[in-house]
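Below is the file data-v1.txt, which contains compact mmCIF, C-alpha atoms.
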# COMPACT_ATOMS: atom_id res chain seq x y z
CA MET A 1034 95.10 116.66 52.71
CA THR A 1035 98.12 118.98 52.67
CA CYS A 1036 101.08 119.06 55.08
CA HIS A 1037 99.53 122.16 56.64
CA ASP A 1038 96.24 120.33 57.24
CA ALA A 1039 98.10 117.31 58.64
CA LEU A 1040 99.91 119.44 61.20
CA ASP A 1041 96.60 120.38 62.82
CA PHE A 1042 95.78 116.73 63.38
CA LEU A 1043 99.01 115.74 65.18
CA ASP A 1044 97.85 116.03 68.80
CA ASP A 1045 94.51 114.33 68.26
CA TYR A 1046 96.32 111.60 66.33
CA LEU A 1047 98.82 111.04 69.14
CA ASP A 1048 96.00 111.05 71.72
CA GLY A 1049 94.03 108.53 69.65
CA LYS A 1050 91.19 111.03 69.37
CA LEU A 1051 91.16 111.61 65.62
CA PRO A 1052 87.77 110.70 64.13
CA TRP A 1053 87.82 107.68 61.83
CA GLY A 1054 87.58 109.58 58.52
CA GLN A 1055 90.33 112.02 59.44
CA ARG A 1056 92.51 109.20 60.75
CA ILE A 1057 92.31 107.48 57.38
CA ALA A 1058 93.12 110.70 55.51
CA PHE A 1059 95.97 111.47 57.91
CA GLY A 1060 97.39 107.96 57.54
CA LEU A 1061 97.22 108.20 53.75
CA HIS A 1062 99.03 111.53 53.82
CA LEU A 1063 101.74 110.17 56.12
CA GLY A 1064 102.19 107.15 53.85
CA LEU A 1065 102.91 109.45 50.92
CA CYS A 1066 104.77 112.28 52.66
CA ARG A 1067 108.20 111.58 54.09
CA PRO A 1068 108.68 115.12 55.55
CA CYS A 1069 105.45 114.77 57.53
CA ARG A 1070 106.47 111.30 58.77
CA ASP A 1071 109.78 112.73 59.93
CA TYR A 1072 108.06 115.72 61.47
CA LEU A 1073 105.69 113.48 63.42
CA ASP A 1074 108.60 111.32 64.57
CA GLY A 1075 110.54 114.36 65.85
CA TYR A 1076 107.38 115.79 67.43
CA ARG A 1077 106.79 112.57 69.35
CA LYS A 1078 110.45 112.40 70.39
CA THR A 1079 110.30 116.02 71.56
CA ILE A 1080 107.51 115.12 73.99
CA GLU A 1081 109.26 111.97 75.23
CA ALA A 1082 112.67 113.59 75.57
CA SER A 1083 111.34 116.63 77.42
CA ARG A 1084 109.43 114.38 79.80
CA LYS A 1085 112.57 112.40 80.52
CA ALA A 1086 114.78 115.46 80.91
CA MET A 1087 112.39 117.10 83.34
CA SER A 1088 111.63 114.01 85.41
CA GLU A 1089 115.33 113.10 85.68
CA GLN A 1090 115.75 116.45 87.35
CA ALA A 1091 113.22 115.44 89.97
CA VAL A 1092 115.02 112.19 90.68
CA THR A 1093 118.52 113.60 90.92
CA CYS A 1094 117.96 116.92 92.67
CA CYS A 1095 115.01 116.56 94.91
CA GLU A 1096 114.55 113.12 96.39
CA GLN A 1097 114.34 114.65 99.84
CA LEU A 1098 113.73 118.11 101.15
CA PRO A 1099 116.78 119.61 102.91
CA ASP A 1100 116.37 119.41 106.68
CA GLU A 1101 116.51 123.18 107.18
CA MET A 1102 113.55 123.55 104.83
CA VAL A 1103 111.57 120.96 106.76
CA GLN A 1104 112.25 122.81 110.00
CA ALA A 1105 111.40 126.18 108.43
CA ILE A 1106 108.03 124.88 107.21
CA LEU A 1107 107.19 123.36 110.58
CA ALA A 1108 108.20 126.59 112.32
CA ALA A 1109 106.04 128.61 109.92
CA ARG A 1110 103.12 126.30 110.67
CA SER A 1111 103.38 127.09 114.34
CA GLN A 1112 102.93 130.78 113.44
CA LEU A 1113 99.64 130.16 111.60
CA PRO A 1114 96.53 131.59 113.25
CA ARG A 1115 94.94 128.98 115.51
CA ALA A 1116 91.89 128.72 113.20
CA ASP A 1117 94.21 127.47 110.42
CA ARG A 1118 96.04 125.06 112.68
CA PRO A 1119 94.16 121.99 113.96
CA GLU A 1120 95.40 121.24 117.45
CA MET B 714 91.37 108.39 86.25
CA GLU B 715 92.90 108.97 89.63
CA SER B 716 92.07 106.54 92.43
CA SER B 717 90.81 107.67 95.79
CA THR B 718 92.83 108.06 98.96
CA SER B 719 94.73 105.00 100.22
CA GLU B 720 94.46 103.70 103.79
CA THR B 721 97.92 105.09 104.60
CA GLU B 722 96.92 108.51 103.31
CA THR B 723 93.61 108.36 105.19
CA ALA B 724 95.49 107.68 108.43
CA LEU B 725 97.91 110.52 107.71
CA VAL B 726 95.09 112.96 106.97
CA ALA B 727 93.30 111.93 110.17
CA ALA B 728 96.48 112.51 112.19
CA LEU B 729 96.95 115.91 110.53
CA ARG B 730 93.39 116.92 111.32
CA ALA B 731 93.95 115.83 114.90
CA GLY B 732 96.90 118.25 115.00
CA GLU B 733 99.58 115.63 115.71
CA PRO B 734 102.97 117.38 115.24
CA ALA B 735 104.64 114.14 114.11
CA ALA B 736 102.11 113.86 111.28
CA TYR B 737 103.03 117.31 109.99
CA GLU B 738 106.70 116.45 109.98
CA ARG B 739 105.99 113.16 108.26
CA LEU B 740 103.92 114.92 105.60
CA VAL B 741 106.66 117.44 104.86
CA ARG B 742 109.43 114.84 104.79
CA GLU B 743 107.48 112.32 102.75
CA TYR B 744 106.09 114.64 100.09
CA GLY B 745 108.58 117.53 100.26
CA GLY B 746 111.04 116.24 97.67
CA ARG B 747 108.38 115.66 95.06
CA ILE B 748 106.78 119.02 95.76
CA LEU B 749 110.13 120.79 95.41
CA ALA B 750 110.64 119.06 92.05
CA VAL B 751 107.22 120.25 90.83
CA CYS B 752 107.98 123.83 91.88
CA GLU B 753 111.44 123.76 90.30
CA ARG B 754 110.07 122.43 87.04
CA LEU B 755 107.68 125.36 86.81
CA LEU B 756 109.91 128.08 88.24
CA PHE B 757 113.43 127.14 87.01
CA ASN B 758 114.82 128.83 90.09
CA ARG B 759 115.81 127.12 93.32
CA GLU B 760 115.03 130.04 95.66
CA ASP B 761 111.62 130.72 94.14
CA ALA B 762 110.90 127.00 94.26
CA ARG B 763 111.73 126.87 97.96
CA ASP B 764 109.33 129.74 98.62
CA ALA B 765 106.64 127.97 96.64
CA VAL B 766 107.21 124.74 98.58
CA GLN B 767 106.73 126.56 101.86
CA GLU B 768 103.58 128.25 100.54
CA THR B 769 102.32 124.86 99.31
CA PHE B 770 102.55 123.24 102.72
CA LEU B 771 101.14 126.23 104.60
CA SER B 772 98.29 126.40 102.14
CA ALA B 773 97.69 122.66 102.58
CA PHE B 774 97.72 123.00 106.38
CA ARG B 775 95.18 125.81 106.14
CA SER B 776 92.85 123.91 103.83
CA LEU B 777 93.07 120.38 105.21
CA GLU B 778 89.36 120.45 105.97
CA SER B 779 88.59 120.92 102.29
CA PHE B 780 90.32 117.66 101.33
CA ASP B 781 87.41 115.30 100.72
CA GLY B 782 89.28 112.08 99.91
CA ARG B 783 87.82 111.71 96.43
CA SER B 784 91.26 112.16 94.88
CA GLN B 785 94.58 110.88 96.15
CA PHE B 786 96.12 113.09 98.81
CA ALA B 787 99.31 113.34 96.72
CA THR B 788 97.24 114.59 93.77
CA TRP B 789 95.56 117.21 95.97
CA LEU B 790 98.95 118.37 97.26
CA HIS B 791 100.42 118.38 93.74
CA ARG B 792 97.71 120.78 92.55
CA ILE B 793 98.34 123.10 95.47
CA ALA B 794 102.05 123.09 94.54
CA VAL B 795 101.26 123.91 90.91
CA ASN B 796 99.00 126.76 91.97
CA ALA B 797 101.60 128.12 94.41
CA SER B 798 104.21 128.05 91.62
CA LEU B 799 101.89 129.74 89.13
CA MET B 800 101.13 132.41 91.73
CA LYS B 801 104.87 132.96 92.18
CA LEU B 802 105.28 133.30 88.41
CA ARG B 803 102.45 135.85 88.27
CA THR B 804 104.10 138.03 90.89
CA LYS B 805 107.42 137.95 89.00
CA ARG B 806 106.14 138.55 85.47
CA ARG B 807 107.77 141.69 84.15
CA HIS B 808 108.60 141.43 80.46
CA PRO B 809 106.29 141.27 77.45
CA GLU B 810 106.53 137.86 75.80
CA GLN B 811 108.33 137.28 72.53
CA SER B 812 106.33 135.86 69.65
CA ILE B 813 106.62 132.13 69.09
CA ASP B 814 105.74 132.39 65.39
CA ASP B 815 109.33 132.19 64.14
CA LEU B 816 109.64 128.74 65.71
CA LEU B 817 106.60 127.28 63.94
CA PRO B 818 106.77 125.35 60.64
CA THR B 819 106.17 127.32 57.46
CA PHE B 820 104.27 126.20 54.38
CA GLN B 821 104.11 127.07 50.72
CA SER B 822 100.91 128.50 49.25
CA ASP B 823 99.86 124.98 48.18
CA GLY B 824 100.07 123.74 51.80
CA HIS B 825 103.31 121.76 51.44
CA ARG B 826 106.23 122.28 53.76
CA SER B 827 108.63 125.10 52.94
CA ASP B 828 111.42 123.33 54.80
CA PRO B 829 111.34 119.53 54.86
CA GLY B 830 113.71 119.52 57.85
CA SER B 831 115.83 116.56 58.85
CA ARG B 832 115.23 113.10 60.21
CA TRP B 833 115.82 112.41 63.90
CA THR B 834 117.74 109.16 63.79
CA ASN B 835 118.05 108.49 67.53
CA SER B 836 115.32 107.31 69.88
CA ALA B 837 113.97 109.65 72.56
CA SER B 838 115.87 107.65 75.19
CA GLU B 839 119.13 107.99 73.28
CA ILE B 840 118.44 111.67 72.75
CA SER B 841 117.89 112.40 76.42
CA GLU B 842 120.25 109.85 77.97
CA ARG B 843 123.18 112.13 78.73
CA ARG B 844 123.04 114.56 81.63
CA GLU B 845 124.37 117.39 79.45
CA THR B 846 121.64 116.76 76.91
CA GLN B 847 118.97 116.75 79.58
CA GLN B 848 120.26 120.10 80.76
CA LEU B 849 120.15 121.39 77.20
CA ILE B 850 116.54 120.25 76.80
CA ARG B 851 115.61 121.96 80.07
CA GLU B 852 117.25 125.17 78.88
CA LYS B 853 115.25 125.03 75.65
CA ILE B 854 112.03 124.52 77.60
CA GLU B 855 112.95 127.39 79.90
CA GLY B 856 113.54 129.53 76.81
CA LEU B 857 109.96 129.18 75.58
CA PRO B 858 107.64 132.14 76.23
CA GLU B 859 106.08 131.64 79.66
CA SER B 860 102.47 131.26 78.55
CA TYR B 861 103.48 128.39 76.25
CA ARG B 862 106.05 126.89 78.63
CA ASN B 863 103.52 126.65 81.46
CA VAL B 864 101.01 124.79 79.31
CA LEU B 865 103.70 122.42 78.02
CA ILE B 866 104.98 121.65 81.51
CA LEU B 867 101.53 121.20 83.04
CA ARG B 868 100.29 118.94 80.22
CA ASP B 869 103.39 117.01 79.13
CA ILE B 870 105.48 116.90 82.29
CA GLU B 871 103.01 117.14 85.17
CA GLU B 872 100.50 115.20 83.07
CA LEU B 873 97.46 117.23 84.11
CA ASP B 874 94.44 117.00 81.82
CA THR B 875 93.38 119.83 79.52
CA GLU B 876 90.40 120.88 81.65
CA THR B 877 92.48 121.08 84.84
CA VAL B 878 95.17 123.13 83.11
CA ALA B 879 92.52 125.41 81.62
CA GLU B 880 91.08 126.03 85.08
CA MET B 881 94.49 126.67 86.63
CA LEU B 882 95.56 129.12 83.93
CA GLU B 883 92.12 130.70 83.51
CA LEU B 884 91.99 129.75 79.84
CA SER B 885 89.46 127.88 77.73
CA PRO B 886 90.25 124.20 77.02
CA GLY B 887 90.56 125.14 73.34
CA ALA B 888 93.19 127.76 74.13
CA VAL B 889 95.15 125.22 76.17
CA LYS B 890 95.14 122.80 73.22
CA VAL B 891 96.31 125.48 70.80
CA ARG B 892 99.10 126.64 73.13
CA LEU B 893 100.25 123.08 73.77
CA HIS B 894 100.41 122.35 70.06
CA ARG B 895 102.38 125.52 69.36
CA ALA B 896 104.69 124.94 72.34
CA ARG B 897 105.50 121.40 71.18
CA GLN B 898 106.17 122.62 67.64
CA ALA B 899 108.41 125.42 68.92
CA LEU B 900 110.33 123.06 71.18
CA ARG B 901 110.76 120.62 68.31
CA THR B 902 112.24 123.44 66.24
CA LEU B 903 114.61 124.38 69.08
CA LEU B 904 115.75 120.76 69.43
CA GLU B 905 116.07 120.14 65.68
CA PRO B 906 119.65 121.47 65.30
CA ILE B 907 120.75 119.23 68.13
CA PHE B 908 118.90 116.03 67.30
CA GLY B 909 118.04 116.28 63.62
CA GLY B 910 121.01 114.31 62.36
CA ALA B 911 120.14 112.94 58.92
CA SER B 912 119.09 115.16 56.04
CA LYS B 913 116.99 113.81 53.23
Let me see the file written as structure tokens.
Amino acid sequence: MTCHDALDFLDDYLDGKLPWGQRIAFGLHLGLCRPCRDYLDGYRKTIEASRKAMSEQAVTCCEQLPDEMVQAILAARSQLPRADRPE
Amino acid sequence: MESSTSETETALVAALRAGEPAAYERLVREYGGRILAVCERLLFNREDARDAVQETFLSAFRSLESFDGRSQFATWLHRIAVNASLMKLRTKRRHPEQSIDDLLPTFQSDGHRSDPGSRWTNSASEISERRETQQLIREKIEGLPESYRNVLILRDIEELDTETVAEMLELSPGAVKVRLHRARQALRTLLEPIFGGASK
């Protein structure tokens, strides 16, 4: 297996979906190839760091909808055609 | 696997279907913050996100009868928010996308890496701990071509499965997998100068 081949297996490897034979070959390649081990490590950290950066945003900016937005949505609801508005 | 609707959600849905005004306000206040966050993550623009939030709730009000309780109500609402955001993106799309190829790893003719790159010495938590760094990561994600960015956000951030993302973006599951893989590689390349501390 080359580094190029190994790259194609990254996602299935991380998802635990790599078939047994390919998992063995991939593991052997990683054991022998420091650049691919480092690449995998950075790839995994990219996913984790982006998840954290994007979910932090949710926590800090948007815990609650501003009151004027709530009122605007409720006002818009009252303008819906009656068929779309259970009453 | 998502669980079905909780008793609290069932009661809320029943009150909504009965047209109780207090239930509508409760729905908007209880779920609004999370829905705004979803829309902002996809749209990277506060005003567009606000429009998408409003469209999400109006769309939910209109289609309450179609909610069958097999999924959680929050999950149902989340998908409406994603669709409203994607619709907003479609109406705004103006520029042809740049190629992502320059951000992908390159290989020699024998299949070995052309550039071994550097080792990322910090953990993901350390990497993304600081507010400035989180902002930087968000800017890098925002900088990805839209067709790749959407797949990355829907799969890695919103944690939707491949089949759901494929349906939402009108792609095959295989195309979603390919785009996700390329988007992750491109983002890794964009983050490398910032986080790749130790050279070999």
Under the rule of at most 8 Å, produce a per-residue listing of chain A near segment 817-832 of chain B: chain, number, name, the closest pair of atoms, and the distance in Å, as JSON lines, using all atoms listed in the file.
{"residue": "A:Thr1035", "atom": "CA", "partner": "B:Gly824", "partner_atom": "CA", "distance": 5.2}
{"residue": "A:Cys1036", "atom": "CA", "partner": "B:His825", "partner_atom": "CA", "distance": 5.1}
{"residue": "A:His1037", "atom": "CA", "partner": "B:Gly824", "partner_atom": "CA", "distance": 5.1}
{"residue": "A:Asp1038", "atom": "CA", "partner": "B:Gly824", "partner_atom": "CA", "distance": 7.5}
{"residue": "A:Pro1068", "atom": "CA", "partner": "B:Pro829", "partner_atom": "CA", "distance": 5.2}
{"residue": "A:Asp1071", "atom": "CA", "partner": "B:Arg832", "partner_atom": "CA", "distance": 5.5}
{"residue": "A:Tyr1072", "atom": "CA", "partner": "B:Gly830", "partner_atom": "CA", "distance": 7.7}
{"residue": "A:Gly1075", "atom": "CA", "partner": "B:Arg832", "partner_atom": "CA", "distance": 7.4}
| said: Show me, as a count of residues only, the residues of chain A whose atoms get within 7 Å of chain B, using all atoms listed in the file for the distance check. | reply: 31
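Counting only C-alpha atoms, segment 756-762 of chain B has the following residues at most 8 Å away, ignoring those fewer than 6 positions along the same chain: Leu749, Ser798, Lys801, Leu802 and Glu855 of chain B.
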Those residues with C-alpha atoms, as a PDB file, keeping the file's coordinate frame please?
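Final output, saved to part-v3.pdb:
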ATOM      1  CA  LEU B 749     110.130 120.790  95.410  1.00  0.00           C
ATOM      2  CA  SER B 798     104.210 128.050  91.620  1.00  0.00           C
ATOM      3  CA  LYS B 801     104.870 132.960  92.180  1.00  0.00           C
ATOM      4  CA  LEU B 802     105.280 133.300  88.410  1.00  0.00           C
ATOM      5  CA  GLU B 855     112.950 127.390  79.900  1.00  0.00           C
TER       6      GLU B 855
END
**OP:** Could you give me, as a ChimeraX atom specification, the residues within 12 Å of Ile1057 of chain A, counting only C-alpha atoms and dropping anything in the same chain fewer than 4 positions from it?
**Re:** /A:1034,1039,1042,1046,1051-1053,1061-1064
Keeping only C-alpha atoms, write those residues as an mmCIF file, in the frame of the given file.
data_model
loop_
_atom_site.group_PDB
_atom_site.id
_atom_site.type_symbol
_atom_site.label_atom_id
_atom_site.label_comp_id
_atom_site.auth_asym_id
_atom_site.auth_seq_id
_atom_site.Cartn_x
_atom_site.Cartn_y
_atom_site.Cartn_z
ATOM 1 C CA MET A 1034 95.100 116.660 52.710
ATOM 2 C CA ALA A 1039 98.100 117.310 58.640
ATOM 3 C CA PHE A 1042 95.780 116.730 63.380
ATOM 4 C CA TYR A 1046 96.320 111.600 66.330
ATOM 5 C CA LEU A 1051 91.160 111.610 65.620
ATOM 6 C CA PRO A 1052 87.770 110.700 64.130
ATOM 7 C CA TRP A 1053 87.820 107.680 61.830
ATOM 8 C CA LEU A 1061 97.220 108.200 53.750
ATOM 9 C CA HIS A 1062 99.030 111.530 53.820
ATOM 10 C CA LEU A 1063 101.740 110.170 56.120
ATOM 11 C CA GLY A 1064 102.190 107.150 53.850
#
Between atom CA of Gly856 of chain B and atom CA of Thr788 of chain B lies a distance of 27.9 Å
Within 6 Å of Ala797 of chain B, counting all atoms listed in the file, which residues qualify if same-chain residues fewer than 2 places away don't, as JSON, numbers by chain? {"B": [765, 769, 794, 795, 799, 800]}
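Between atom CA of Glu810 of chain B and atom CA of Pro858 of chain B the separation is 5.8 Å.
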Give me, please, the distance in Å between atom CA of Thr877 of chain B and atom CA of Arg792 of chain B, quoted to one decimal.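 If I compute the distance from atom CA of Thr877 of chain B to atom CA of Arg792 of chain B, I get 9.3 Å.
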If the box runs along x, y and z of the file and leaves 4 Å on each side of segment 1104-1110 of chain A, what are its centre and edge lengths in Å, one decimal, as JSON?
{"center_x": 107.7, "center_y": 125.7, "center_z": 109.8, "size_x": 17.1, "size_y": 13.8, "size_z": 13.1}
*asked:* Considering all atoms listed in the file, can you say which of B:Asp814, B:Ala724, B:Asp874, B:Tyr861 comes closest to Phe786 of chain B?
replied: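 Checking each of B:Asp814, B:Ala724, B:Asp874, B:Tyr861 against Phe786 of chain B, counting all atoms listed in the file, the winner is B:Ala724.
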